[in-house]
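Asks: Sharing model-v3.txt here; it has compact mmCIF, C-alpha atoms.
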# COMPACT_ATOMS: atom_id res chain seq x y z
CA MET A 1 113.30 166.92 87.15
CA VAL A 2 116.45 165.05 88.03
CA PRO A 3 117.91 165.69 91.45
CA PRO A 4 121.64 166.15 91.37
CA SER A 5 123.70 163.10 92.17
CA SER A 6 125.39 163.27 95.52
CA GLY A 7 128.04 160.75 96.38
CA PRO A 8 129.28 159.40 99.66
CA THR A 9 131.20 162.47 100.72
CA ASP A 10 131.61 162.03 104.46
CA ARG A 11 131.22 159.46 107.19
CA GLY A 12 127.56 160.48 107.50
CA TRP A 13 126.94 158.18 104.52
CA VAL A 14 128.08 155.18 106.58
CA MET A 15 125.81 156.19 109.46
CA HIS A 16 122.83 156.55 107.11
CA LEU A 17 123.53 153.17 105.58
CA LEU A 18 123.89 151.64 109.04
CA SER A 19 120.61 153.16 110.16
CA LEU A 20 118.81 151.77 107.09
CA LEU A 21 120.37 148.33 107.56
CA PHE A 22 119.44 148.47 111.23
CA THR A 23 115.82 149.25 110.30
CA LEU A 24 115.67 146.50 107.68
CA SER A 25 117.08 143.97 110.14
CA ALA A 26 114.35 144.86 112.67
CA PRO A 27 112.77 141.36 112.54
CA VAL A 28 116.04 139.93 113.91
CA TRP A 29 115.93 142.36 116.86
CA PHE A 30 112.22 141.64 117.38
CA ALA A 31 113.04 137.91 117.43
CA GLY A 32 115.79 138.52 120.01
CA ILE A 33 113.44 140.45 122.32
CA HIS A 34 110.72 137.84 121.79
CA ILE A 35 113.01 134.86 122.52
CA VAL A 36 114.20 136.40 125.81
CA ALA A 37 110.64 137.38 126.85
CA SER A 38 109.17 134.03 125.82
CA ARG A 39 111.80 132.04 127.72
CA CYS A 40 111.50 134.24 130.84
CA LEU A 41 107.69 134.34 130.89
CA CYS A 42 106.82 130.90 129.50
CA ARG A 43 105.31 129.83 132.83
CA SER A 44 103.46 133.08 133.51
CA GLY A 45 100.33 131.95 131.67
CA ILE A 46 100.25 134.98 129.37
CA ALA A 47 98.79 134.12 125.95
CA ARG A 48 101.54 133.64 123.34
CA GLN A 49 100.10 136.07 120.79
CA LYS A 50 99.66 138.70 123.51
CA LEU A 51 103.30 138.34 124.57
CA THR A 52 104.44 138.63 120.95
CA THR A 53 102.36 141.78 120.47
CA LEU A 54 103.80 143.30 123.67
CA CYS A 55 107.37 142.55 122.50
CA LEU A 56 106.66 144.24 119.16
CA ILE A 57 105.02 147.27 120.83
CA LEU A 58 108.23 147.59 122.85
CA GLY A 59 110.44 146.87 119.83
CA ILE A 60 109.13 149.55 117.42
CA PRO A 61 110.06 152.58 119.60
CA LEU A 62 113.37 150.88 120.41
CA ILE A 63 114.22 150.56 116.69
CA THR A 64 113.14 154.20 116.14
CA PHE A 65 115.34 155.32 119.06
CA PHE A 66 118.43 153.57 117.68
CA VAL A 67 117.82 154.95 114.18
CA LEU A 68 117.60 158.48 115.60
CA LEU A 69 120.82 157.77 117.48
CA PHE A 70 122.57 156.72 114.25
CA GLU A 71 121.20 159.67 112.30
CA ARG A 72 121.94 162.25 115.04
CA ARG A 73 118.97 164.35 114.00
CA LEU A 74 115.25 164.45 114.71
CA SER A 75 112.80 165.28 111.97
CA ALA A 76 109.15 164.43 111.38
CA PRO A 77 109.80 162.70 107.99
CA LEU A 78 112.57 160.55 109.50
CA LEU A 79 110.39 159.67 112.49
CA GLY A 80 107.41 158.85 110.26
CA TYR A 81 109.50 156.83 107.79
CA THR A 82 111.17 154.78 110.52
CA PHE A 83 107.86 154.20 112.28
CA VAL A 84 106.11 152.97 109.09
CA MET A 85 109.04 150.68 108.24
CA GLY A 86 109.25 149.42 111.85
CA ALA A 87 105.49 148.77 112.05
CA ALA A 88 105.45 146.88 108.72
CA LEU A 89 108.46 144.79 109.76
CA ALA A 90 106.86 144.13 113.17
CA HIS A 91 103.73 142.90 111.43
CA ILE A 92 105.85 140.61 109.21
CA TYR A 93 107.47 139.16 112.34
CA PHE A 94 104.07 138.72 113.98
CA HIS A 95 102.88 136.74 110.96
CA ILE A 96 105.95 134.51 111.03
CA PHE A 97 105.21 133.74 114.68
CA ASN A 98 101.53 133.28 113.93
CA MET A 99 102.39 130.83 111.14
CA SER A 100 104.46 128.78 113.59
CA GLU A 101 101.56 128.85 116.06
CA THR A 102 98.44 128.49 113.94
CA ALA A 103 99.20 127.67 110.29
CA ARG A 104 97.52 124.42 109.26
CA ARG A 105 99.89 123.82 106.37
CA ILE A 106 102.97 124.23 108.58
CA LYS A 107 101.44 121.79 111.07
CA VAL A 108 100.79 119.23 108.30
CA LEU A 109 104.34 119.75 106.97
CA ILE A 110 105.86 119.12 110.41
CA MET A 111 103.65 116.04 110.85
CA ALA A 112 104.83 114.76 107.46
CA ARG A 113 108.49 115.30 108.40
CA HIS A 114 108.19 113.13 111.49
CA GLU A 115 106.16 110.36 109.91
CA SER A 116 105.05 109.95 106.31
CA LEU A 117 101.37 110.89 105.94
CA PRO A 118 99.33 107.85 104.81
CA LEU A 119 97.79 108.08 101.35
CA ASP A 120 94.31 107.38 102.77
CA ASN A 121 94.34 110.76 104.55
CA GLY A 122 95.14 109.05 107.85
CA CYS A 123 96.47 112.25 109.44
CA ALA A 124 92.88 113.49 109.50
CA ARG A 125 92.31 111.24 112.50
CA ASN A 126 94.72 113.32 114.60
CA TYR A 127 94.19 116.63 112.90
CA SER A 128 90.66 116.71 111.60
CA PRO A 129 88.83 119.89 110.49
CA GLN A 130 86.68 119.57 113.65
CA ASN A 131 89.79 119.53 115.84
CA ARG A 132 91.14 122.58 114.06
CA ILE A 133 87.98 124.58 114.73
CA GLU A 134 87.89 123.46 118.40
CA ILE A 135 91.55 124.50 118.84
CA ARG A 136 90.77 127.95 117.39
CA ILE A 137 87.66 128.48 119.50
CA GLN A 138 89.68 127.70 122.63
CA ARG A 139 92.49 130.00 121.50
CA LEU A 140 90.07 132.89 120.90
CA LEU A 141 88.51 132.27 124.35
CA ASP A 142 91.98 132.31 125.97
CA LEU A 143 92.76 135.56 124.18
CA ARG A 144 89.38 136.98 125.36
CA GLN A 145 88.37 137.77 121.79
CA ILE A 146 85.08 135.90 122.27
CA ALA A 147 83.01 135.07 125.36
CA GLU A 148 81.14 131.95 126.48
CA HIS A 149 77.90 131.97 128.50
CA ASP A 150 75.60 128.98 129.01
CA GLU A 151 77.49 126.93 126.43
CA ARG A 152 77.00 129.61 123.78
CA LEU A 153 79.78 131.65 122.25
CA PHE A 154 79.39 135.39 121.80
CA PHE A 155 81.13 138.13 119.88
CA ARG A 156 83.16 140.68 121.87
CA PRO A 157 83.83 144.09 120.33
CA THR A 158 87.62 143.93 120.23
CA LEU A 159 90.26 145.20 117.81
CA LEU A 160 90.68 141.71 116.39
CA SER A 161 86.96 141.44 115.63
CA LEU A 162 87.21 144.70 113.65
CA VAL A 163 90.25 143.30 111.83
CA ALA A 164 88.23 140.13 111.10
CA LYS A 165 85.47 142.16 109.41
CA VAL A 166 88.02 144.06 107.30
CA MET A 167 89.81 140.82 106.36
CA VAL A 168 86.60 139.03 105.34
CA GLY A 169 85.61 142.09 103.27
CA TYR A 170 89.02 142.19 101.58
CA GLU A 171 88.93 138.44 100.93
CA TYR A 172 85.57 138.89 99.20
CA LEU A 173 87.05 141.76 97.13
CA LEU A 174 90.01 139.59 96.07
CA PHE A 175 88.03 136.40 95.45
CA PRO A 176 84.57 137.52 94.35
CA GLY A 177 83.59 133.90 93.62
CA ARG A 178 83.81 133.04 97.32
CA ARG A 179 80.87 133.73 99.58
CA PRO A 180 81.52 134.61 103.23
CA ILE A 181 80.42 131.22 104.71
CA MET B 1 121.52 165.29 104.00
CA ILE B 2 123.18 162.26 102.36
CA VAL B 3 120.20 159.88 102.24
CA SER B 4 117.20 161.97 101.32
CA LEU B 5 113.67 161.20 102.45
CA ASP B 6 112.25 163.73 99.95
CA TYR B 7 111.07 160.97 97.65
CA ALA B 8 110.16 158.33 100.26
CA TRP B 9 106.45 158.83 99.48
CA VAL B 10 107.11 157.46 95.96
CA GLY B 11 107.50 154.03 97.64
CA LEU B 12 103.90 154.27 98.89
CA VAL B 13 102.67 155.26 95.43
CA THR B 14 104.48 152.43 93.58
CA TYR B 15 103.31 149.93 96.20
CA GLY B 16 99.73 151.22 95.88
CA ILE B 17 99.84 150.84 92.07
CA SER B 18 101.21 147.29 92.21
CA HIS B 19 98.61 146.40 94.86
CA LEU B 20 95.76 147.71 92.71
CA ALA B 21 97.17 145.71 89.76
CA HIS B 22 97.18 142.62 92.00
CA ILE B 23 93.51 143.11 92.96
CA TRP B 24 92.53 143.69 89.31
CA VAL B 25 94.35 140.55 88.09
CA TRP B 26 92.95 138.38 90.89
CA ARG B 27 89.39 139.56 90.27
CA ASN B 28 89.49 139.18 86.49
CA PHE B 29 91.67 136.16 85.77
CA LEU B 30 92.00 132.63 87.04
CA VAL B 31 95.37 132.75 88.76
CA ARG B 32 97.06 129.37 89.14
CA ARG B 33 100.53 130.04 90.58
CA GLU B 34 99.36 132.71 92.98
CA VAL B 35 102.48 133.27 95.08
CA LEU B 36 104.83 133.47 92.07
CA LEU B 37 102.59 135.95 90.26
CA LEU B 38 102.10 137.96 93.46
CA ILE B 39 105.87 138.20 93.93
CA ALA B 40 106.32 139.21 90.26
CA LEU B 41 103.60 141.87 90.50
CA THR B 42 104.70 143.43 93.75
CA PHE B 43 108.41 143.39 92.95
CA SER B 44 108.18 144.56 89.34
CA PRO B 45 108.28 148.30 90.28
CA LEU B 46 111.76 147.67 91.71
CA ALA B 47 112.87 147.12 88.10
CA CYS B 48 111.42 150.56 87.27
CA TYR B 49 113.44 152.08 90.11
CA ILE B 50 116.61 150.51 88.73
CA ALA B 51 115.71 151.71 85.20
CA VAL B 52 115.21 155.26 86.48
CA LEU B 53 118.51 155.02 88.29
CA VAL B 54 120.40 153.88 85.18
CA ILE B 55 118.65 155.94 82.47
CA HIS B 56 118.22 159.25 84.30
CA SER B 57 121.30 159.09 86.55
CA PHE B 58 118.87 159.64 89.40
CA SER B 59 120.85 159.71 92.61
CA LEU B 60 120.91 156.43 94.52
CA VAL B 61 120.54 158.31 97.78
CA HIS B 62 117.13 159.54 96.63
CA LEU B 63 116.00 156.11 95.48
CA ILE B 64 117.03 153.97 98.45
CA PRO B 65 114.25 155.15 100.84
CA PRO B 66 111.30 154.64 98.41
CA MET B 67 112.78 151.34 97.21
CA ALA B 68 113.19 150.08 100.78
CA LEU B 69 109.65 151.20 101.66
CA HIS B 70 108.22 149.47 98.58
CA LEU B 71 110.22 146.31 99.37
CA VAL B 72 109.10 146.18 103.02
CA LEU B 73 105.42 146.81 102.19
CA SER B 74 105.56 144.12 99.47
CA ILE B 75 107.11 141.53 101.79
CA HIS B 76 104.54 142.51 104.42
CA TYR B 77 101.66 141.84 102.04
CA ILE B 78 103.16 138.56 100.79
CA ALA B 79 103.46 137.48 104.45
CA ILE B 80 99.79 138.16 105.20
CA TYR B 81 98.42 136.97 101.84
CA PRO B 82 98.12 133.27 102.89
CA ALA B 83 95.53 134.33 105.51
CA PHE B 84 93.29 135.64 102.69
CA GLN B 85 94.09 132.85 100.30
CA ALA B 86 93.39 130.10 102.83
CA SER B 87 90.37 131.75 104.55
CA SER B 88 91.74 131.91 108.11
CA PRO B 89 89.35 129.88 110.32
CA SER B 90 89.90 132.15 113.37
CA ILE B 91 88.86 135.16 111.30
CA ARG B 92 85.80 133.24 110.05
CA ILE B 93 84.80 132.31 113.62
CA LEU B 94 84.96 135.97 114.67
CA TRP B 95 83.02 137.06 111.60
CA LEU B 96 80.39 134.36 112.14
CA LEU B 97 79.90 135.39 115.79
CA SER B 98 79.72 139.09 114.90
CA ARG B 99 76.67 138.31 112.77
CA SER B 100 74.84 136.35 115.45
CA SER B 101 73.38 138.42 118.30
CA SER B 102 72.13 135.32 120.18
CA GLY B 103 75.52 133.61 119.98
CA LEU B 104 76.35 130.16 118.64
CA THR B 105 77.17 126.83 120.23
CA ARG B 106 80.58 125.27 119.65
CA GLN B 107 78.92 122.53 117.63
CA GLY B 108 77.12 125.17 115.53
CA ILE B 109 80.41 126.81 114.61
CA VAL B 110 82.10 123.46 113.94
CA THR B 111 79.22 122.43 111.63
CA ARG B 112 79.36 125.67 109.66
CA LEU B 113 83.12 125.76 109.23
CA THR B 114 84.44 122.21 109.04
CA ASP B 115 83.47 121.61 105.43
CA SER B 116 85.62 124.58 104.38
CA ARG B 117 88.96 122.73 104.23
CA SER B 118 89.75 119.05 104.65
CA THR B 119 93.20 117.87 105.69
CA GLU B 120 93.40 116.07 102.34
CA GLY B 121 92.92 119.45 100.62
CA LEU B 122 95.79 120.93 102.63
CA VAL B 123 98.03 117.99 101.67
CA HIS B 124 97.22 118.51 97.97
CA GLU B 125 97.91 122.25 98.26
CA LEU B 126 101.31 121.49 99.82
CA SER B 127 101.98 119.04 97.01
CA ARG B 128 101.10 121.66 94.38
CA SER B 129 103.48 124.07 96.12
CA ARG B 130 106.20 121.38 95.86
CA LEU B 131 106.51 121.06 99.62
CA LEU B 132 105.16 117.49 99.84
CA ARG B 133 105.69 114.58 97.45
CA ARG B 134 103.81 111.35 97.09
CA ASN B 135 105.63 108.01 97.36
CA LYS B 136 104.54 104.39 97.74
CA THR B 137 103.62 104.62 101.42
CA GLY B 138 102.27 108.14 101.66
CA TRP B 139 103.20 111.83 101.58
CA THR B 140 106.71 112.94 102.58
CA PRO B 141 108.24 116.44 102.50
CA THR B 142 110.43 117.51 99.59
CA ARG B 143 113.82 119.00 100.44
CA LEU B 144 112.25 122.49 100.49
CA GLY B 145 109.35 121.28 102.64
CA LYS B 146 111.74 119.53 105.02
CA ASN B 147 113.90 122.66 105.37
CA LEU B 148 110.82 124.79 106.01
CA ALA B 149 109.55 122.36 108.67
CA ILE B 150 113.01 122.26 110.32
CA ALA B 151 113.19 126.10 110.30
CA PHE B 152 109.85 126.38 112.09
CA GLU B 153 110.75 123.62 114.56
CA TRP B 154 114.02 125.39 115.41
CA TYR B 155 112.25 128.71 115.74
CA ARG B 156 109.78 127.21 118.23
CA ARG B 157 112.67 125.59 120.10
CA LEU B 158 114.45 128.96 120.34
CA LEU B 159 111.27 130.47 121.80
CA GLY B 160 111.11 127.59 124.29
CA LEU B 161 107.68 126.61 122.97
CA PRO B 162 106.24 123.31 121.76
CA ILE B 163 105.19 122.88 118.12
CA GLY B 164 102.11 124.99 117.36
CA ASP B 165 98.64 123.42 117.48
CA GLY B 166 97.89 124.47 113.93
Please, can you express the file's structure as structure tokens?
Replies:
Amino acid sequence: MVPPSSGPTDRGWVMHLLSLLFTLSAPVWFAGIHIVASRCLCRSGIARQKLTTLCLILGIPLITFFVLLFERRLSAPLLGYTFVMGAALAHIYFHIFNMSETARRIKVLIMARHESLPLDNGCARNYSPQNRIEIRIQRLLDLRQIAEHDERLFFRPTLLSLVAKVMVGYEYLLFPGRRPI
Amino acid sequence: MIVSLDYAWVGLVTYGISHLAHIWVWRNFLVRREVLLLIALTFSPLACYIAVLVIHSFSLVHLIPPMALHLVLSIHYIAIYPAFQASSPSIRILWLLSRSSSGLTRQGIVTRLTDSRSTEGLVHELSRSRLLRRNKTGWTPTRLGKNLAIAFEWYRRLLGLPIGDG
């Protein structure tokens, strides 16, 4: 079954192409919204990941709205397609931000750029595995993903904790040789 | 309708097939250059799309939506893959706490997780990825590593934030 070829017959083609390009460039628009929000609210005390998530939650319907404006029609497939593309691109942007915030390898790379890392693993003094875990515990407490009572840390049933279970399960599926801790 | 969404679902199917192939290869073979092979696996169906386009004169307007969907889902997975490959410590902390009803002390978590990855191991991984190189005095970034570090530093500067804690 070969659908008939249809060429660019009217200016609608340009609008469709623009709408697709607009969708694919969504991370740039997300970054724009995020930069403005981050600069305006940097002293508000809101957790950085939370602010990023809020910007993306605002950004996805905004992208969908503009695509519908370009297309000048409203249909369930178009809405669904744009939403799936927007959500995937939003998640890509979130991971880029998360890498800048939490990635150990990016941190080591930036440290190496500013001063050569000694061969005897000297950077471990400033960025030891213990430090890394402490930083993450504090970050999870700030994000209210875990709780602390009487110097003990407890699990909180949040969306991220559900994601953690799925991710550990998937990691075990991908790398069967690894054991979850 | 000039750009048709009739075949958009094909993008989900081709992505699903390449993802299953990725899982099968990773489970059954010792993969050395993970990112390169992952890119090759997830992007290979795009070659099939182009072949279909050329051989069957399939209309481009029908192929653009599934191709774009496949491309975006592939990039999405490649972006999140390092979290699985490097065993994200935050995810491990959450998982560890979810299995302990009486909770854990900070020291308990640190003891269980610190042996997972030394800084030296991270440096060697970056070296294998050609982002760091060894010289007489220590480890310095390659041109690619330097550009990557600069890109992230600029990005943080644009956001008005200090360099991440790692």
Asks: Quick one: of B:Gln107, B:Lys136, B:Gly11, B:Arg128, who's nearest to Ala68 (chain B), counting all atoms listed in the file?
Replies: B:Gly11
Asks: Between CA of Ala90 (chain A) and CA of Pro27 (chain A), what is the spacing in Å?
Replies: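 Taking CA of Pro27 (chain A) and CA of Ala90 (chain A), their separation equals 6.6 Å.
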Asks: CA of Trp9 (chain B) to CA of Ile50 (chain B): how many Å, to one decimal?
Replies: 17.0 Å
Asks: Between A:Gly32, A:Gly80, A:Pro61, A:Gly45, which has the minimum distance to Asp142 (chain A) (counting all atoms listed in the file)?
Replies: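 Residue with the minimum atom-to-atom distance to Asp142 (chain A): A:Gly45.
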Asks: Any idea what the distance is between CA of Val108 (chain A) and CA of Ser128 (chain A)?
Replies: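 Those two atoms sit 10.9 Å apart.
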Asks: List as a list in words the residues having at least one atom at most 10 Å from position (86.5, 122.5, 117.5) as given in the file, counting all atoms listed in the file.
Replies: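 Here the neighbourhood of the point contains Ser128, Pro129, Gln130, Asn131, Arg132, Ile133, Glu134, Ile135, Arg136, Ile137 and Gln138 of chain A; Arg106, Gln107, Gly108, Ile109, Val110, Thr111, Leu113 and Thr114 of chain B.
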Asks: Which is closer to Leu73 (chain B) than all the others in B:Ile150, B:Val31, B:Ile39, B:Leu144, using all atoms listed in the file?
Replies: B:Ile39
Asks: Any idea which chain B residues end up within 7 Å of chain A if we count all atoms listed in the file, as a PDB file with C-alpha atoms, in the coordinates of the input please?
Replies:
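The resulting file, out02.pdb, is shown below:
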ATOM      1  CA  ILE B   2     123.180 162.260 102.360  1.00  0.00           C
ATOM      2  CA  VAL B   3     120.200 159.880 102.240  1.00  0.00           C
ATOM      3  CA  LEU B   5     113.670 161.200 102.450  1.00  0.00           C
ATOM      4  CA  ILE B  23      93.510 143.110  92.960  1.00  0.00           C
ATOM      5  CA  TRP B  26      92.950 138.380  90.890  1.00  0.00           C
ATOM      6  CA  ARG B  27      89.390 139.560  90.270  1.00  0.00           C
ATOM      7  CA  PHE B  58     118.870 159.640  89.400  1.00  0.00           C
ATOM      8  CA  SER B  59     120.850 159.710  92.610  1.00  0.00           C
ATOM      9  CA  LEU B  69     109.650 151.200 101.660  1.00  0.00           C
ATOM     10  CA  VAL B  72     109.100 146.180 103.020  1.00  0.00           C
ATOM     11  CA  LEU B  73     105.420 146.810 102.190  1.00  0.00           C
ATOM     12  CA  HIS B  76     104.540 142.510 104.420  1.00  0.00           C
ATOM     13  CA  ALA B  79     103.460 137.480 104.450  1.00  0.00           C
ATOM     14  CA  ILE B  80      99.790 138.160 105.200  1.00  0.00           C
ATOM     15  CA  PHE B  84      93.290 135.640 102.690  1.00  0.00           C
ATOM     16  CA  SER B  90      89.900 132.150 113.370  1.00  0.00           C
ATOM     17  CA  ILE B  91      88.860 135.160 111.300  1.00  0.00           C
ATOM     18  CA  LEU B  94      84.960 135.970 114.670  1.00  0.00           C
ATOM     19  CA  TRP B  95      83.020 137.060 111.600  1.00  0.00           C
ATOM     20  CA  LEU B  97      79.900 135.390 115.790  1.00  0.00           C
ATOM     21  CA  SER B  98      79.720 139.090 114.900  1.00  0.00           C
ATOM     22  CA  GLY B 103      75.520 133.610 119.980  1.00  0.00           C
ATOM     23  CA  LEU B 104      76.350 130.160 118.640  1.00  0.00           C
ATOM     24  CA  THR B 105      77.170 126.830 120.230  1.00  0.00           C
ATOM     25  CA  ARG B 106      80.580 125.270 119.650  1.00  0.00           C
ATOM     26  CA  VAL B 110      82.100 123.460 113.940  1.00  0.00           C
ATOM     27  CA  THR B 114      84.440 122.210 109.040  1.00  0.00           C
ATOM     28  CA  ARG B 117      88.960 122.730 104.230  1.00  0.00           C
ATOM     29  CA  SER B 118      89.750 119.050 104.650  1.00  0.00           C
ATOM     30  CA  THR B 119      93.200 117.870 105.690  1.00  0.00           C
ATOM     31  CA  GLU B 120      93.400 116.070 102.340  1.00  0.00           C
ATOM     32  CA  LEU B 122      95.790 120.930 102.630  1.00  0.00           C
ATOM     33  CA  THR B 137     103.620 104.620 101.420  1.00  0.00           C
ATOM     34  CA  GLY B 138     102.270 108.140 101.660  1.00  0.00           C
ATOM     35  CA  TRP B 139     103.200 111.830 101.580  1.00  0.00           C
ATOM     36  CA  THR B 140     106.710 112.940 102.580  1.00  0.00           C
ATOM     37  CA  PRO B 141     108.240 116.440 102.500  1.00  0.00           C
ATOM     38  CA  GLY B 145     109.350 121.280 102.640  1.00  0.00           C
ATOM     39  CA  LYS B 146     111.740 119.530 105.020  1.00  0.00           C
ATOM     40  CA  ALA B 149     109.550 122.360 108.670  1.00  0.00           C
ATOM     41  CA  PHE B 152     109.850 126.380 112.090  1.00  0.00           C
ATOM     42  CA  LEU B 158     114.450 128.960 120.340  1.00  0.00           C
ATOM     43  CA  LEU B 159     111.270 130.470 121.800  1.00  0.00           C
ATOM     44  CA  GLY B 160     111.110 127.590 124.290  1.00  0.00           C
ATOM     45  CA  GLY B 164     102.110 124.990 117.360  1.00  0.00           C
ATOM     46  CA  ASP B 165      98.640 123.420 117.480  1.00  0.00           C
ATOM     47  CA  GLY B 166      97.890 124.470 113.930  1.00  0.00           C
TER      48      GLY B 166
END
Asks: Using all atoms listed in the file, what residues lie at most 12 Å away from (106.5, 148.3, 91.7) (file coordinates), given as a PyMOL selection string?
Replies: chain B and resi 10-22+38-51+66-74
Asks: Please provide as a ChimeraX atom specification all residues within 7 Å of Thr142 (chain B), with the sequence filter that same-chain residues fewer than 5 positions apart are discarded (counting only C-alpha atoms).
Replies: /B:130-133
Asks: Select, from A:Arg43, A:Lys50, A:Ser75, A:Ile63, the residue with the minimum atom-to-atom distance to Trp29 (chain A), counting all atoms listed in the file.
Replies: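 With all atoms listed in the file as the atom set, the closest residue is A:Ile63.
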Asks: Find the residue from A:Leu62, A:Leu41, A:Leu18, A:Ala76 that sits nearest to Leu161 (chain B); use all atoms listed in the file when measuring.
Replies: A:Leu41
